[in-house]
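Shown next: model-v2.txt, containing compact mmCIF, C-alpha atoms and all ligand atoms.
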```
# COMPACT_ATOMS: atom_id res chain seq x y z
CA MET A 632 -10.28 1.54 -6.96
CA GLU A 633 -11.80 4.95 -7.56
CA ARG A 634 -9.47 8.00 -7.62
CA ARG A 635 -10.63 11.54 -6.90
CA ILE A 636 -8.67 14.82 -6.86
CA ILE A 637 -10.05 17.70 -4.81
CA VAL A 638 -8.37 21.10 -5.22
CA THR A 639 -9.07 23.83 -2.67
CA LYS A 640 -8.11 27.49 -2.48
CA ASN A 641 -5.72 27.06 0.46
CA LEU A 642 -4.69 24.81 3.34
CA GLN A 643 -7.49 26.10 5.53
CA GLU A 644 -10.12 25.03 3.00
CA LEU A 645 -8.27 21.76 2.33
CA SER A 646 -8.35 20.98 6.05
CA GLN A 647 -12.04 21.81 6.33
CA GLN A 648 -12.96 19.59 3.37
CA ALA A 649 -10.75 16.75 4.57
CA ALA A 650 -12.31 17.02 8.04
CA ALA A 651 -15.81 16.75 6.57
CA TYR A 652 -14.59 13.74 4.58
CA CYS A 653 -13.31 12.08 7.78
CA LEU A 654 -16.69 12.67 9.45
CA GLU A 655 -18.51 11.13 6.49
CA LYS A 656 -16.30 8.02 6.61
CA ALA A 657 -16.55 7.76 10.40
CA LEU A 658 -20.35 7.89 10.45
CA ARG A 659 -20.53 5.37 7.59
CA ALA A 660 -18.18 2.94 9.37
CA VAL A 661 -20.00 3.24 12.71
CA ALA A 662 -23.36 2.73 10.96
CA THR A 663 -21.95 -0.39 9.24
CA GLN A 664 -19.78 -2.01 11.92
CA GLY A 665 -20.19 0.06 15.08
CA LYS A 666 -16.59 1.24 15.00
CA PHE A 667 -14.25 3.44 12.92
CA PHE A 668 -10.61 2.52 12.43
CA LEU A 669 -8.59 5.56 11.38
CA VAL A 670 -4.86 5.91 10.64
CA LEU A 671 -3.31 9.34 11.21
CA ALA A 672 -0.68 10.88 8.94
CA GLY A 673 2.45 12.48 10.33
CA GLY A 674 4.30 15.57 9.19
CA SER A 675 2.92 19.12 9.35
CA THR A 676 0.21 19.23 6.67
CA PRO A 677 -2.50 17.36 8.65
CA SER A 678 -2.13 19.44 11.85
CA LEU A 679 -4.82 21.95 10.78
CA LEU A 680 -7.12 19.07 9.81
CA TYR A 681 -6.65 17.56 13.28
CA GLN A 682 -7.46 20.93 14.85
CA ARG A 683 -10.66 21.08 12.79
CA LEU A 684 -11.64 17.59 13.95
CA SER A 685 -11.06 18.56 17.58
CA SER A 686 -12.94 21.87 17.41
CA PRO A 687 -16.71 22.51 17.33
CA PRO A 688 -18.81 21.34 15.58
CA LEU A 689 -16.81 18.32 14.38
CA ARG A 690 -15.51 17.55 17.88
CA GLN A 691 -19.06 16.81 18.93
CA GLN A 692 -20.12 15.23 15.62
CA MET A 693 -17.28 12.72 15.35
CA PRO A 694 -18.06 9.32 17.00
CA TRP A 695 -14.88 9.42 19.11
CA SER A 696 -16.02 6.77 21.59
CA GLN A 697 -16.32 4.29 18.70
CA THR A 698 -13.15 5.45 16.94
CA HIS A 699 -9.75 3.77 17.14
CA LEU A 700 -6.74 5.91 16.19
CA PHE A 701 -3.52 4.49 14.77
CA PHE A 702 -0.38 6.08 13.27
CA ALA A 703 1.01 5.47 9.78
CA ASP A 704 4.59 6.08 10.89
CA GLU A 705 6.77 7.53 13.61
CA ARG A 706 10.24 8.97 13.84
CA SER A 707 12.85 7.28 16.08
CA VAL A 708 12.22 9.66 18.97
CA ALA A 709 10.20 9.56 22.18
CA SER A 710 6.45 10.12 21.80
CA THR A 711 6.89 13.41 23.64
CA HIS A 712 9.66 14.71 21.35
CA ALA A 713 9.02 17.85 19.29
CA HIS A 714 9.59 15.85 16.07
CA SER A 715 7.25 13.01 17.05
CA ASN A 716 4.16 12.39 14.91
CA VAL A 717 2.44 11.04 18.03
CA ALA A 718 3.24 14.25 19.92
CA MET A 719 1.82 16.36 17.06
CA ALA A 720 -1.40 14.33 17.07
CA TYR A 721 -1.77 14.70 20.83
CA ALA A 722 -1.26 18.46 20.67
CA THR A 723 -3.65 19.08 17.76
CA LEU A 724 -6.24 16.32 18.27
CA ILE A 725 -6.06 13.67 20.98
CA ASP A 726 -5.69 15.95 24.00
CA ARG A 727 -8.67 17.98 22.71
CA ILE A 728 -11.28 15.22 22.24
CA ASP A 729 -13.14 12.75 24.46
CA ILE A 730 -11.71 9.47 23.19
CA PRO A 731 -11.16 6.41 25.42
CA GLN A 732 -7.43 6.09 26.14
CA GLU A 733 -7.48 2.44 25.05
CA ASN A 734 -8.70 3.57 21.62
CA VAL A 735 -5.49 5.50 20.94
CA HIS A 736 -2.85 3.09 19.65
CA ILE A 737 0.45 4.90 20.05
CA MET A 738 3.22 3.87 17.65
CA ARG A 739 6.53 3.82 19.51
CA ALA A 740 9.83 4.01 17.62
CA GLU A 741 12.58 4.72 20.12
CA LEU A 742 15.83 3.48 18.62
CA ALA A 743 16.80 1.18 21.50
CA SER A 744 14.21 -1.45 20.56
CA ILE A 745 12.82 -0.15 17.30
CA ARG A 746 12.26 -3.57 15.70
CA GLN A 747 10.37 -4.80 18.78
CA HIS A 748 8.23 -1.65 18.65
CA ALA A 749 7.37 -2.41 15.02
CA TRP A 750 6.52 -6.04 15.85
CA ARG A 751 4.40 -5.08 18.87
CA TYR A 752 2.51 -2.49 16.84
CA ALA A 753 1.58 -5.09 14.24
CA GLN A 754 0.34 -7.33 17.10
CA ASP A 755 -1.79 -4.48 18.46
CA ILE A 756 -3.29 -3.89 15.02
CA ALA A 757 -3.98 -7.61 14.57
CA ALA A 758 -5.73 -7.75 17.94
CA THR A 759 -7.87 -4.66 17.30
CA VAL A 760 -8.71 -4.13 13.63
CA PRO A 761 -11.17 -6.46 11.86
CA GLN A 762 -9.45 -8.60 9.26
CA ARG A 763 -10.52 -9.27 5.68
CA ASN A 764 -8.73 -12.13 3.92
CA GLY A 765 -6.37 -12.39 6.88
CA VAL A 766 -5.24 -8.76 6.83
CA PRO A 767 -6.50 -5.98 9.16
CA GLN A 768 -8.62 -3.50 7.20
CA PHE A 769 -8.65 0.14 8.28
CA ASP A 770 -11.64 2.23 7.23
CA LEU A 771 -9.61 5.33 6.42
CA VAL A 772 -5.88 6.08 6.19
CA LEU A 773 -4.64 9.67 6.09
CA LEU A 774 -1.28 10.19 4.40
CA GLY A 775 1.00 13.06 3.45
CA MET A 776 3.61 13.18 0.71
CA GLY A 777 7.18 14.44 0.71
CA GLU A 778 8.82 16.31 -2.17
CA ASP A 779 10.62 13.07 -3.06
CA GLY A 780 7.35 11.19 -3.39
CA HIS A 781 7.63 9.34 -0.07
CA THR A 782 4.59 8.71 2.08
CA ALA A 783 4.47 7.56 5.68
CA SER A 784 8.07 6.38 6.01
CA LEU A 785 8.09 4.59 2.67
CA PHE A 786 11.07 6.46 1.25
CA PRO A 787 12.53 5.91 -2.25
CA GLU A 788 15.14 3.16 -2.52
CA THR A 789 14.71 1.91 1.04
CA PRO A 790 14.19 -1.74 2.08
CA ILE A 791 10.68 -1.21 3.45
CA LEU A 792 9.29 -0.84 -0.09
CA HIS A 793 9.58 -4.63 -0.42
CA GLU A 794 8.51 -5.47 3.14
CA GLN A 795 5.70 -8.02 3.55
CA ARG A 796 5.21 -7.56 7.30
CA TRP A 797 2.49 -5.07 8.19
CA VAL A 798 4.74 -2.76 10.21
CA ALA A 799 8.52 -2.45 9.97
CA ALA A 800 11.54 -0.42 11.03
CA ASN A 801 13.20 1.35 8.13
CA TYR A 802 16.63 2.99 7.94
CA VAL A 803 16.45 6.12 5.76
CA GLU A 804 20.03 6.71 4.64
CA LYS A 805 19.50 10.18 3.18
CA LEU A 806 18.09 11.38 6.50
CA ASN A 807 20.50 9.22 8.51
CA THR A 808 17.62 8.14 10.70
CA TRP A 809 15.39 5.18 11.56
CA ARG A 810 11.62 5.17 11.26
CA VAL A 811 8.77 2.79 12.06
CA SER A 812 6.11 2.63 9.35
CA MET A 813 3.09 0.76 8.12
CA THR A 814 3.86 -0.99 4.83
CA TYR A 815 2.12 -1.44 1.50
CA PRO A 816 0.50 -4.82 2.37
CA LEU A 817 -1.26 -3.18 5.32
CA LEU A 818 -1.92 0.31 3.93
CA ASN A 819 -3.23 -0.94 0.60
CA HIS A 820 -5.67 -3.29 2.34
CA SER A 821 -7.52 -0.31 3.80
CA LEU A 822 -10.87 0.67 2.35
CA ASP A 823 -10.14 4.36 1.68
CA ILE A 824 -7.00 6.50 1.66
CA ALA A 825 -6.81 10.30 1.61
CA ILE A 826 -3.53 11.97 0.64
CA LEU A 827 -3.03 15.58 1.73
CA ALA A 828 -0.55 17.84 -0.10
CA ALA A 829 -0.32 21.60 0.19
CA GLY A 830 2.08 24.37 -0.77
CA GLU A 831 4.15 25.41 -3.77
CA ASN A 832 6.97 23.10 -2.68
CA LYS A 833 4.77 20.07 -3.50
CA ALA A 834 3.70 21.31 -6.97
CA ALA A 835 6.51 19.56 -8.86
CA ILE A 836 6.03 16.15 -7.24
CA VAL A 837 2.25 16.41 -7.51
CA ARG A 838 2.57 16.94 -11.25
CA GLU A 839 5.10 14.07 -11.52
CA VAL A 840 2.87 11.71 -9.62
CA LEU A 841 -0.56 12.63 -10.95
CA HIS A 842 0.29 13.51 -14.52
CA THR A 843 2.89 11.03 -15.59
CA THR A 844 1.99 8.13 -17.82
CA ASP A 845 5.48 6.69 -17.28
CA ALA A 846 6.08 3.69 -15.06
CA PRO A 847 5.63 4.51 -11.34
CA ARG A 848 8.83 6.00 -9.90
CA TYR A 849 7.76 7.20 -6.46
CA PRO A 850 6.60 5.29 -3.37
CA ILE A 851 3.34 7.25 -3.21
CA GLN A 852 2.38 5.85 -6.62
CA ALA A 853 2.13 2.33 -5.20
CA ILE A 854 -0.54 3.42 -2.70
CA ARG A 855 -3.75 1.69 -3.82
CA PRO A 856 -6.61 1.24 -1.31
CA GLN A 857 -9.42 -1.25 -1.87
CA ARG A 858 -12.17 1.31 -2.51
CA GLU A 859 -11.26 5.00 -2.87
CA LEU A 860 -8.10 7.12 -3.16
CA THR A 861 -8.76 10.83 -2.66
CA TRP A 862 -6.15 13.55 -3.15
CA PHE A 863 -6.71 16.77 -1.20
CA LEU A 864 -4.58 19.51 -2.79
CA ASP A 865 -4.52 23.24 -2.35
CA GLN A 866 -4.13 25.44 -5.44
CA ALA A 867 -0.42 25.95 -4.76
CA ALA A 868 0.29 22.23 -4.78
CA ALA A 869 -1.88 21.74 -7.87
CA SER A 870 -0.41 24.77 -9.66
CA ARG A 871 1.64 22.73 -12.16
CA MET A 872 -1.20 20.43 -13.11
CA THR A 873 -2.18 21.25 -16.68
CA SER A 874 -5.54 19.55 -16.45
CA LEU A 875 -7.55 18.01 -13.66
C1 LIG B 901 6.54 12.04 8.46
C2 LIG B 901 5.35 11.71 7.62
C3 LIG B 901 5.70 11.96 6.19
C4 LIG B 901 4.97 13.23 5.81
C5 LIG B 901 5.56 13.83 4.57
C6 LIG B 901 4.94 15.21 4.31
O1 LIG B 901 6.77 11.36 9.46
O2 LIG B 901 7.18 13.05 8.14
O3 LIG B 901 4.81 10.55 7.85
O4 LIG B 901 5.35 10.94 5.31
O5 LIG B 901 3.59 12.96 5.63
O6 LIG B 901 6.96 13.97 4.79
O7 LIG B 901 5.27 16.03 5.41
P1 LIG B 901 4.67 17.53 5.50
O8 LIG B 901 3.20 17.37 5.69
O9 LIG B 901 5.36 18.12 6.71
O10 LIG B 901 5.02 18.22 4.20
```
Kindly present the structure from the file in structure tokens form.
Ligand code: 6PG
Amino acid sequence: MERRIIVTKNLQELSQQAAAYCLEKALRAVATQGKFFLVLAGGSTPSLLYQRLSSPPLRQQMPWSQTHLFFADERSVASTHAHSNVAMAYATLIDRIDIPQENVHIMRAELASIRQHAWRYAQDIAATVPQRNGVPQFDLVLLGMGEDGHTASLFPETPILHEQRWVAANYVEKLNTWRVSMTYPLLNHSLDIAILAAGENKAAIVREVLHTTDAPRYPIQAIRPQRELTWFLDQAAASRMTSL
């Protein structure tokens, strides 16, 4: 696995570079297999990236009709809720592009049947995404990172870190909430992963994660795609890195 770290002046530039990266991966995947299987990150950092992808010129350049969109994780709320990752993606990307409705694979996580939602999502992935060695292989996964080193809904000291199923429900005690999330066996089978981190509040964890030679302590450190792991950081998030 190759690891790259890209540092940009600010979130605007980070989003622009990450959008160009998505286009490059999309065109490569479509040229190779006729389709592009992309997993969207939740949280707030990627929203500007999604707006870039759904604005000219990228809106016209992206092969949306051959693209399938999935979600790395979702909060235990309705897909229309203000805190929903699906809702954020619709507002900043999906409602602004010409993508076939059947190509958007919504992750549902309402509490009432959260385990069934996780199981059904894994079935949808299995039925849609080409498998390599018996595991679906996404072309590109976008991820964020929390200040505690979580990514998707893989939070420190939670059961999902040891989960072998591809998608699972996860109770996050410190947030007193349930999530649905893709797991390491699925995420790490993807070809490429891009992690986006911006802002001064991420500087400490970025240094911990990218600089330490100690044994891995944070969930994000166990993210290892098959081909390429690219970190997109703005200067604020990279500000405690002594050398890059
Ligand atoms: C979520 C995300 C989560 C997010 C990080 C960073 O549902 O919140 O999946 O993993 O990427 O918490 O969030 P920000 O981008 O808002 O800092």
For ligand LIG 901 (chain B), which residue among A:Phe702, A:Tyr652, A:Trp695, A:Phe668 is the nearest when counting all atoms listed in the file?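 Distance minimum relative to ligand LIG 901 (chain B) lands on A:Phe702.
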Given the choices A:Ala753, A:Ala651, A:Ala720, A:Val708, which gets closest to Leu689 in chain A if the distance is worked out from only C-alpha atoms?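 Counting only C-alpha atoms, the residue closest to Leu689 in chain A is A:Ala651.
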Can you build me a table of chain A residues sitting at most 9 Å from ligand LIG 901 (chain B), with the closest atom pair per residue and its distance in Å to one decimal, using all atoms listed in the file, sorted by chain and residue number, as a Markdown table?
```
| residue | atom | partner | partner_atom | distance |
| --- | --- | --- | --- | --- |
| A:Leu671 | CA | B:LIG901 | O3 | 8.9 |
| A:Ala672 | CA | B:LIG901 | O3 | 5.6 |
| A:Gly673 | CA | B:LIG901 | O3 | 3.9 |
| A:Gly674 | CA | B:LIG901 | O9 | 3.7 |
| A:Ser675 | CA | B:LIG901 | O9 | 3.7 |
| A:Thr676 | CA | B:LIG901 | O8 | 3.7 |
| A:Pro677 | CA | B:LIG901 | O8 | 6.4 |
| A:Ser678 | CA | B:LIG901 | O8 | 8.4 |
| A:Phe702 | CA | B:LIG901 | O3 | 8.7 |
| A:Ala703 | CA | B:LIG901 | O3 | 6.6 |
| A:Asp704 | CA | B:LIG901 | O3 | 5.4 |
| A:Glu705 | CA | B:LIG901 | O1 | 5.6 |
| A:Arg706 | CA | B:LIG901 | O1 | 6.1 |
| A:His714 | CA | B:LIG901 | O1 | 8.5 |
| A:Ser715 | CA | B:LIG901 | O1 | 7.8 |
| A:Asn716 | CA | B:LIG901 | O1 | 6.1 |
| A:Leu773 | CA | B:LIG901 | O5 | 8.9 |
| A:Leu774 | CA | B:LIG901 | O5 | 5.7 |
| A:Gly775 | CA | B:LIG901 | O5 | 3.4 |
| A:Met776 | CA | B:LIG901 | C6 | 4.3 |
| A:Gly777 | CA | B:LIG901 | O6 | 4.1 |
| A:Glu778 | CA | B:LIG901 | O6 | 7.6 |
| A:Asp779 | CA | B:LIG901 | O6 | 8.7 |
| A:Gly780 | CA | B:LIG901 | C5 | 8.6 |
| A:His781 | CA | B:LIG901 | O4 | 6.1 |
| A:Thr782 | CA | B:LIG901 | O4 | 4.0 |
| A:Ala783 | CA | B:LIG901 | O4 | 3.5 |
| A:Ser784 | CA | B:LIG901 | O4 | 5.4 |
| A:Leu785 | CA | B:LIG901 | O4 | 7.4 |
| A:Phe786 | CA | B:LIG901 | O4 | 8.3 |
| A:Arg810 | CA | B:LIG901 | O1 | 8.1 |
| A:Ser812 | CA | B:LIG901 | O3 | 8.2 |
| A:Ile826 | CA | B:LIG901 | O5 | 8.8 |
| A:Leu827 | CA | B:LIG901 | O8 | 7.6 |
| A:Ala828 | CA | B:LIG901 | O8 | 6.9 |
| A:Ala829 | CA | B:LIG901 | O10 | 7.5 |
| A:Gly830 | CA | B:LIG901 | O10 | 8.4 |
| A:Asn832 | CA | B:LIG901 | O10 | 8.7 |
| A:Lys833 | CA | B:LIG901 | O10 | 7.9 |
```
Would you write out, as CSV, a table of all residues in range 673-777 of chain A that have an atom no more than 9 Å from an atom of range 796-801 of chain A, listing for each the closest atom pair and the distance in Å to one decimal, considering all atoms listed in the file and ordering rows by chain and rising residue number?
```
residue,atom,partner,partner_atom,distance
A:Asp704,CA,A:Val798,CA,8.9
A:Ala740,CA,A:Ala800,CA,8.1
A:Ile745,CA,A:Ala800,CA,6.4
A:Arg746,CA,A:Ala800,CA,5.7
A:Gln747,CA,A:Ala800,CA,9.0
A:His748,CA,A:Ala800,CA,8.4
A:Ala749,CA,A:Ala799,CA,5.2
A:Trp750,CA,A:Val798,CA,6.8
A:Arg751,CA,A:Val798,CA,9.0
A:Tyr752,CA,A:Val798,CA,7.0
A:Ala753,CA,A:Val798,CA,5.6
A:Val766,CA,A:Trp797,CA,8.7
```
Could you name the residues that touch Leu669 in chain A at 8 Å or less, counting only C-alpha atoms, but leaving out those on the same chain fewer than 5 positions away, as a list of chain:residue names?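 The neighbour list is A:Thr698, A:His699, A:Leu700, A:Phe701, A:Phe769, A:Asp770, A:Leu771, A:Val772, A:Leu773.
Only residues having an atom at most 9 Å from (-4.4, 27.5, -5.2) are included; using only C-alpha atoms, these are Val638, Thr639, Lys640, Asn641, Leu642, Ala829, Gly830, Glu831, Leu864, Asp865, Gln866, Ala867, Ala868, Ala869 and Ser870 of chain A.
Among the candidate residues A:Gln697, A:Asn819, A:Thr723, A:Gln762, the one lying nearest to Ala662 in chain A is A:Gln697, with distances computed using all atoms listed in the file.
In this model, the gap between CA of Thr873 in chain A and CA of Arg634 in chain A comes to 17.6 Å.
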Once you add 8 Å to each side, what are the centre and edge lengths of the axis-aligned box holding all listed atoms of range 798-816 of chain A? One decimal in Å, as AutoDock Vina command-line options, if you can.
```
--center_x 10.5 --center_y 3.3 --center_z 6.8 --size_x 36.0 --size_y 32.2 --size_z 26.6
```
With distances taken over only C-alpha atoms, the candidate from A:Glu741, A:Glu788, A:Asp755, A:Asp823 nearest His712 in chain A is A:Glu741
Just the number, please: distance in Å from CA of Ile851 in chain A to CA of Asn764 in chain A, one decimal.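 Between these atoms lies a distance of 23.9 Å.
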Rounded to one decimal place, report the CA of Ala846 in chain A-CA of Leu792 in chain A distance in Å.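 Distance reported for this atom pair: 16.0 Å.
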Option closest in space to Leu742 in chain A, from A:Trp862, A:Phe667, A:Tyr849, A:Tyr802 [counting only C-alpha atoms]: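 So, comparing all the options, the nearest one is A:Tyr802.
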Top pick for closest residue to Ile824 in chain A, considering A:Ser707, A:Thr663, A:Thr861, A:Gln732 and counting all atoms listed in the file: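 Residue with the minimum atom-to-atom distance to Ile824 in chain A: A:Thr861.
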